[in-house]
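As provided, work.txt (compact mmCIF, C-alpha atoms) reads as follows.
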```
# COMPACT_ATOMS: atom_id res chain seq x y z
CA SER M 1 -132.02 131.99 48.78
CA PHE M 2 -133.54 128.59 47.96
CA LEU M 3 -133.26 129.16 44.21
CA PRO M 4 -130.46 127.22 42.47
CA PRO M 5 -128.14 128.66 39.81
CA HIS M 6 -129.73 128.84 36.34
CA ASN M 7 -133.23 128.96 37.80
CA VAL M 8 -136.54 129.63 36.08
CA LEU M 9 -136.72 133.23 37.27
CA ASP M 10 -133.74 133.91 34.97
CA LEU M 11 -135.98 133.47 31.92
CA TYR M 12 -135.31 136.33 29.52
CA ASP M 13 -137.97 139.01 28.95
CA ASP M 14 -140.51 137.00 30.91
CA LYS M 15 -143.54 139.28 30.47
CA LYS M 16 -145.87 136.28 30.48
CA GLY M 17 -144.68 135.19 33.92
CA ARG M 18 -143.57 131.73 32.82
CA GLY M 19 -140.89 131.66 35.53
CA TRP M 20 -143.43 132.20 38.30
CA ASP M 21 -145.76 129.63 36.75
CA LEU M 22 -142.99 127.04 36.67
CA LEU M 23 -141.95 127.89 40.22
CA LYS M 24 -145.53 127.47 41.41
CA ASN M 25 -145.50 124.01 39.87
CA GLY M 26 -142.31 122.98 41.65
CA ILE M 27 -139.88 123.45 38.77
CA LEU M 28 -136.87 125.48 39.88
CA LYS M 29 -134.13 124.79 37.33
CA LEU M 30 -134.09 125.84 33.69
CA ALA M 31 -132.78 122.40 32.78
CA GLU M 32 -135.87 120.80 34.34
CA ILE M 33 -138.44 122.68 32.23
CA PRO M 34 -140.48 120.04 30.35
CA ASP M 35 -139.92 119.75 26.61
CA ASP M 36 -143.59 120.47 25.90
CA TYR M 37 -143.67 123.67 28.00
CA SER M 38 -144.17 126.73 25.78
CA LEU M 39 -141.17 129.08 25.79
CA SER M 40 -140.08 131.94 23.55
CA PRO M 41 -137.22 131.20 21.11
CA LYS M 42 -134.70 132.99 23.34
CA GLN M 43 -135.97 131.14 26.41
CA GLU M 44 -135.59 127.87 24.48
CA ILE M 45 -131.92 128.77 24.00
CA GLN M 46 -131.64 129.35 27.74
CA ARG M 47 -133.09 125.94 28.50
CA ALA M 48 -130.83 124.23 25.95
CA THR M 49 -127.66 125.86 27.29
CA ALA M 50 -128.65 125.08 30.88
CA ILE M 51 -128.96 121.41 29.91
CA SER M 52 -125.73 121.28 27.87
CA GLY M 53 -123.70 123.67 30.00
CA LYS M 54 -122.27 125.06 26.75
CA PRO M 55 -122.78 128.42 25.02
CA HIS M 56 -125.12 128.89 22.10
CA ALA M 57 -123.63 130.65 19.06
CA ASN M 58 -125.11 131.53 15.72
CA GLN M 59 -121.73 131.63 14.01
CA ILE M 60 -122.99 133.21 10.81
CA GLN M 61 -124.57 136.14 12.65
CA VAL M 62 -121.61 136.55 15.01
CA GLN M 63 -119.12 136.57 12.13
CA THR M 64 -121.27 139.02 10.18
CA PHE M 65 -121.21 141.35 13.17
CA LEU M 66 -117.44 141.02 13.59
CA LYS M 67 -116.71 141.54 9.90
CA GLY M 68 -118.69 144.77 9.97
CA LEU M 69 -116.19 146.35 12.38
CA LYS M 70 -113.63 148.68 10.79
CA TYR M 71 -110.19 149.55 12.14
CA PRO M 72 -109.11 151.58 13.95
CA LEU M 73 -111.57 150.22 16.49
CA HIS M 74 -112.68 152.71 19.14
CA PHE M 75 -114.16 151.35 22.38
CA LEU M 76 -116.06 154.13 24.11
CA ASP M 77 -117.93 154.50 27.40
CA PHE M 78 -119.42 157.50 29.26
CA GLU M 79 -120.16 158.09 32.92
CA THR M 80 -122.84 160.62 33.79
CA LEU M 81 -124.46 162.40 36.72
CA GLY M 82 -128.16 163.17 36.96
CA THR M 83 -129.24 165.03 40.09
CA ALA M 84 -132.78 165.88 41.15
CA ILE M 85 -131.78 169.52 41.62
CA PRO M 86 -129.91 170.64 38.48
CA LEU M 87 -126.32 171.70 39.13
CA PHE M 88 -125.87 173.77 35.98
CA ASP M 89 -127.85 176.52 34.26
CA GLY M 90 -130.07 175.31 31.44
CA THR M 91 -130.30 171.71 32.64
CA ARG M 92 -133.35 169.87 33.94
CA PRO M 93 -133.90 167.50 36.90
CA TYR M 94 -132.27 164.11 36.41
CA GLN M 95 -130.72 165.12 33.06
CA GLN M 96 -127.74 162.87 32.40
CA ILE M 97 -124.65 165.09 32.21
CA PRO M 98 -121.47 163.33 31.02
CA PHE M 99 -118.46 163.95 33.23
CA GLN M 100 -116.12 161.14 32.17
CA PHE M 101 -115.20 158.99 29.21
CA SER M 102 -112.83 156.13 28.53
CA LEU M 103 -111.66 155.39 25.00
CA HIS M 104 -109.50 152.45 24.01
CA ILE M 105 -108.31 152.48 20.39
CA VAL M 106 -107.01 149.39 18.59
CA HIS M 107 -105.36 150.62 15.42
CA LYS M 108 -104.73 147.21 13.82
CA ALA M 109 -105.57 143.59 14.65
CA GLY M 110 -103.24 142.24 17.32
CA THR M 111 -101.84 145.62 18.39
CA LYS M 112 -101.89 146.93 21.95
CA PRO M 113 -104.82 149.26 22.69
CA GLU M 114 -104.13 152.94 23.20
CA HIS M 115 -106.04 154.46 26.11
CA ARG M 116 -107.42 157.99 26.00
CA LYS M 117 -109.57 159.36 28.80
CA PHE M 118 -111.26 162.34 30.39
CA LEU M 119 -112.49 163.03 33.92
CA ALA M 120 -113.92 166.47 34.67
CA GLU M 121 -112.12 168.78 37.07
CA GLY M 122 -113.79 171.46 39.18
CA ARG M 123 -117.43 172.30 39.75
CA GLU M 124 -118.38 173.96 36.47
CA ASP M 125 -120.48 172.37 33.73
CA PRO M 126 -118.25 169.57 32.40
CA ARG M 127 -119.82 169.36 28.93
CA PRO M 128 -117.74 171.98 27.03
CA GLU M 129 -114.43 170.39 28.06
CA PHE M 130 -115.86 166.86 27.77
CA MET M 131 -116.83 167.47 24.15
CA ARG M 132 -113.60 169.27 23.28
CA VAL M 133 -111.45 166.39 24.54
CA LEU M 134 -113.77 163.73 23.09
CA LYS M 135 -113.58 165.28 19.62
CA SER M 136 -109.80 165.49 19.78
CA SER M 137 -109.59 161.86 20.96
CA ILE M 138 -111.78 160.10 18.38
CA GLU M 139 -109.99 159.49 15.10
CA PRO M 140 -111.62 160.44 11.77
CA SER M 141 -112.27 156.85 10.66
CA GLY M 142 -113.03 153.46 12.15
CA SER M 143 -115.90 151.88 14.08
CA ILE M 144 -116.88 153.22 17.49
CA VAL M 145 -117.94 150.30 19.67
CA VAL M 146 -120.19 150.94 22.67
CA PHE M 147 -122.39 148.76 24.86
CA ASN M 148 -126.02 149.99 24.64
CA ALA M 149 -125.57 152.59 21.91
CA PRO M 150 -128.69 154.73 22.57
CA PHE M 151 -127.12 155.97 25.81
CA GLU M 152 -123.90 157.37 24.30
CA LYS M 153 -125.69 158.61 21.18
CA SER M 154 -128.29 160.49 23.22
CA ARG M 155 -125.69 162.10 25.49
CA MET M 156 -123.72 163.42 22.51
CA LYS M 157 -126.86 164.74 20.80
CA GLU M 158 -127.87 166.52 24.01
CA CYS M 159 -124.41 168.06 24.31
CA ALA M 160 -124.61 169.26 20.70
CA GLU M 161 -127.92 170.97 21.46
CA VAL M 162 -126.18 173.31 23.91
CA LEU M 163 -122.86 173.30 22.04
CA PRO M 164 -124.02 173.58 18.41
CA GLU M 165 -120.48 173.82 17.09
CA TYR M 166 -120.32 170.04 17.59
CA ALA M 167 -123.62 169.21 15.85
CA SER M 168 -122.25 168.09 12.48
CA TRP M 169 -119.41 166.17 14.13
CA VAL M 170 -121.84 164.35 16.44
CA THR M 171 -123.99 163.35 13.46
CA GLU M 172 -120.94 161.89 11.72
CA VAL M 173 -119.65 160.10 14.83
CA ASN M 174 -123.05 158.63 15.71
CA GLY M 175 -123.17 157.13 12.23
CA ARG M 176 -120.00 155.16 13.03
CA ILE M 177 -121.25 153.71 16.33
CA VAL M 178 -121.68 149.95 16.58
CA ASP M 179 -123.60 148.45 19.51
CA LEU M 180 -121.85 145.47 21.09
CA LEU M 181 -125.05 144.74 23.00
CA ASN M 182 -126.81 143.65 19.80
CA PRO M 183 -125.41 140.11 19.32
CA PHE M 184 -126.19 139.32 22.95
CA LYS M 185 -129.62 140.94 23.01
CA ALA M 186 -130.48 138.97 19.86
CA PHE M 187 -129.13 135.77 21.47
CA ASN M 188 -126.78 135.26 18.52
CA PHE M 189 -124.41 134.42 21.33
CA TYR M 190 -125.61 133.28 24.73
CA HIS M 191 -123.61 131.75 27.57
CA PRO M 192 -125.54 129.99 30.35
CA ASP M 193 -123.63 132.01 32.95
CA GLN M 194 -125.29 135.18 31.64
CA CYS M 195 -128.35 134.02 33.61
CA GLY M 196 -130.79 135.63 31.20
CA SER M 197 -129.06 139.00 31.05
CA ALA M 198 -127.35 140.69 28.10
CA SER M 199 -125.80 143.44 30.23
CA MET M 200 -122.08 144.16 30.20
CA LYS M 201 -121.82 143.09 33.85
CA SER M 202 -123.23 139.66 32.91
CA VAL M 203 -121.60 139.14 29.52
CA LEU M 204 -118.04 140.03 30.55
CA PRO M 205 -117.57 137.41 33.31
CA ALA M 206 -119.50 134.76 31.38
CA LEU M 207 -117.24 135.07 28.32
CA THR M 208 -113.91 136.07 29.83
CA GLY M 209 -113.92 135.06 33.51
CA LYS M 210 -113.11 138.69 34.39
CA ASP M 211 -115.39 140.87 36.49
CA TYR M 212 -115.58 144.07 38.52
CA ARG M 213 -115.31 142.61 42.01
CA GLY M 214 -111.72 143.74 42.55
CA LEU M 215 -112.53 147.39 41.81
CA GLU M 216 -113.43 150.00 44.41
CA ILE M 217 -116.19 151.29 42.10
CA GLN M 218 -118.14 148.50 40.42
CA GLU M 219 -121.15 150.08 38.68
CA GLY M 220 -122.30 153.33 37.10
CA GLY M 221 -124.57 154.50 39.91
CA ALA M 222 -121.70 154.33 42.38
CA ALA M 223 -119.44 156.14 39.91
CA SER M 224 -121.90 159.03 39.70
CA ARG M 225 -122.39 159.24 43.46
CA GLU M 226 -118.67 159.13 44.21
CA PHE M 227 -117.86 161.78 41.60
CA LEU M 228 -120.51 164.06 43.11
CA ARG M 229 -119.28 163.39 46.64
CA VAL M 230 -115.63 164.23 46.05
CA THR M 231 -116.30 167.07 43.60
CA PHE M 232 -119.01 168.96 45.49
CA GLY M 233 -118.51 167.61 49.02
CA ASP M 234 -116.05 168.46 51.76
CA VAL M 235 -113.37 165.75 51.45
CA SER M 236 -109.60 165.71 51.75
CA GLU M 237 -107.44 166.07 48.67
CA SER M 238 -106.01 162.58 49.19
CA GLU M 239 -109.51 161.07 49.27
CA ARG M 240 -110.48 163.03 46.17
CA ARG M 241 -107.44 161.72 44.31
CA GLY M 242 -108.17 158.16 45.42
CA VAL M 243 -111.77 158.28 44.20
CA ARG M 244 -110.75 159.83 40.88
CA LEU M 245 -108.25 157.02 40.36
CA ALA M 246 -110.98 154.47 41.15
CA LEU M 247 -113.29 156.20 38.65
CA GLU M 248 -110.63 155.95 35.94
CA LYS M 249 -110.08 152.26 36.66
CA TYR M 250 -113.81 151.49 36.55
CA CYS M 251 -114.56 153.37 33.33
CA GLY M 252 -111.36 152.01 31.78
CA GLN M 253 -112.42 148.45 32.48
CA ASP M 254 -115.74 149.09 30.71
CA THR M 255 -113.91 149.90 27.47
CA GLU M 256 -111.10 147.37 27.83
CA GLY M 257 -113.73 144.79 28.72
CA MET M 258 -115.34 145.28 25.32
CA ILE M 259 -112.01 144.34 23.71
CA TRP M 260 -111.89 141.18 25.84
CA ILE M 261 -115.45 140.33 24.79
CA LEU M 262 -114.64 140.71 21.09
CA ASP M 263 -111.58 138.53 21.52
CA ALA M 264 -113.75 135.89 23.16
CA LEU M 265 -116.16 136.07 20.21
CA GLY M 266 -113.28 135.36 17.85
CA MET M 267 -112.46 138.83 16.54
CA ASN M 268 -108.78 137.99 16.05
CA SER M 269 -109.09 134.29 15.26
```
Is it possible to express this structure as structure tokens?
Amino acid sequence: SFLPPHNVLDLYDDKKGRGWDLLKNGILKLAEIPDDYSLSPKQEIQRATAISGKPHANQIQVQTFLKGLKYPLHFLDFETLGTAIPLFDGTRPYQQIPFQFSLHIVHKAGTKPEHRKFLAEGREDPRPEFMRVLKSSIEPSGSIVVFNAPFEKSRMKECAEVLPEYASWVTEVNGRIVDLLNPFKAFNFYHPDQCGSASMKSVLPALTGKDYRGLEIQEGGAASREFLRVTFGDVSESERRGVRLALEKYCGQDTEGMIWILDALGMNS
């Protein structure tokens, strides 16, 4: 509780324990780190932005990333469940089973996004219907933008292993995926309010001023738990409907939030 905003424990990827070393020597704020103190290049960016209060942007790299995106732009996010005791035949403990997706599609620059979505019904394995609807929702061309691409790519590959009729389609779709995490993980853009994190939950409010605090469900772990509770638990139909609506709002903000982030980076400027 004594740590100020933008403190030394926010140092990115601090495997060498520089934050703790600085703290031990009475330096709490990033802006107070001495000029001659050895930091990694990304940590140097953190210190500089903490001093200036302004974002760091490698405009050439950011514009290269943006120019690589092809319309129609698809913004895609999955929600998954992973229980210790498998719920479905042929699955293993803690296997991530997708039960929901949100997909916002921007067909041309400046046009209103079209929202397509899926949220599993019933207690059967959601993957066959998930994949059927996902395939019908993704258009045959255009970039597919996700945040932390290995997650979505791995889930689709795993689904194709048990539903081999989707294997060739998954290979094609995965080749179109673009990871919005990359420019932030590489510190090609860094806002001091990210506090050393490149996660969606840190990037979105830092760049856009919008966050998840007004939502009933605010993170993926809660989404999984609530879906399990109202799908497999003994709850009223009105409560089930309320939670499903909250799930749709949460997952929808993940994909719409990626549009807001691209706008903040200058996608349409």
Can you work out the spacing between CA of Gly53 (chain M) and CA of Pro4 (chain M) in Å, to one decimal?
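Taking CA of Gly53 (chain M) as the start and CA of Pro4 (chain M) as the end point, the length is 14.6 Å.
Nearest-residue note for Gly252 (chain M): choosing from M:Pro164, M:Pro113, M:Pro128, M:Pro183, the minimum distance belongs to M:Pro113, counting only C-alpha atoms.
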Straight-line distance linking CA of Asn7 (chain M) with CA of Lys29 (chain M), stated in Å to one decimal
4.3 Å
Near region 96-109 of chain M, counting all atoms listed in the file, which residues have an atom at most 6 Å away, once you skip same-chain residues fewer than 5 positions from it, shown as JSON, numbers by chain?
{"M": [71, 72, 73, 74, 75, 76, 77, 78, 79, 80, 81, 82, 114, 115, 116, 117, 118, 119, 120, 126, 251, 252]}
Expressed in Å to a single decimal, how great is the separation between CA of Gln95 (chain M) and CA of Lys201 (chain M)?
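One can read the CA of Gln95 (chain M) to CA of Lys201 (chain M) distance as 23.8 Å.
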Which one is closest to Phe147 (chain M): M:Asp36, M:Glu256, M:Asp179, M:Asp211? Count only C-alpha atoms.
M:Asp179
(-120.9, 167.5, 17.0) in this file's frame - what residues fall within 10 Å of it? Use only C-alpha atoms and give the answer as an MDAnalysis selection string.
chainID M and resid 131:132 135 156:161 163:174
Saved selection, atoms kept: C-alpha atoms, as a compact mmCIF listing (two decimals), in the coordinates of the input:
```txt
# COMPACT_ATOMS: atom_id res chain seq x y z
CA MET M 131 -116.83 167.47 24.15
CA ARG M 132 -113.60 169.27 23.28
CA LYS M 135 -113.58 165.28 19.62
CA MET M 156 -123.72 163.42 22.51
CA LYS M 157 -126.86 164.74 20.80
CA GLU M 158 -127.87 166.52 24.01
CA CYS M 159 -124.41 168.06 24.31
CA ALA M 160 -124.61 169.26 20.70
CA GLU M 161 -127.92 170.97 21.46
CA LEU M 163 -122.86 173.30 22.04
CA PRO M 164 -124.02 173.58 18.41
CA GLU M 165 -120.48 173.82 17.09
CA TYR M 166 -120.32 170.04 17.59
CA ALA M 167 -123.62 169.21 15.85
CA SER M 168 -122.25 168.09 12.48
CA TRP M 169 -119.41 166.17 14.13
CA VAL M 170 -121.84 164.35 16.44
CA THR M 171 -123.99 163.35 13.46
CA GLU M 172 -120.94 161.89 11.72
CA VAL M 173 -119.65 160.10 14.83
CA ASN M 174 -123.05 158.63 15.71
```
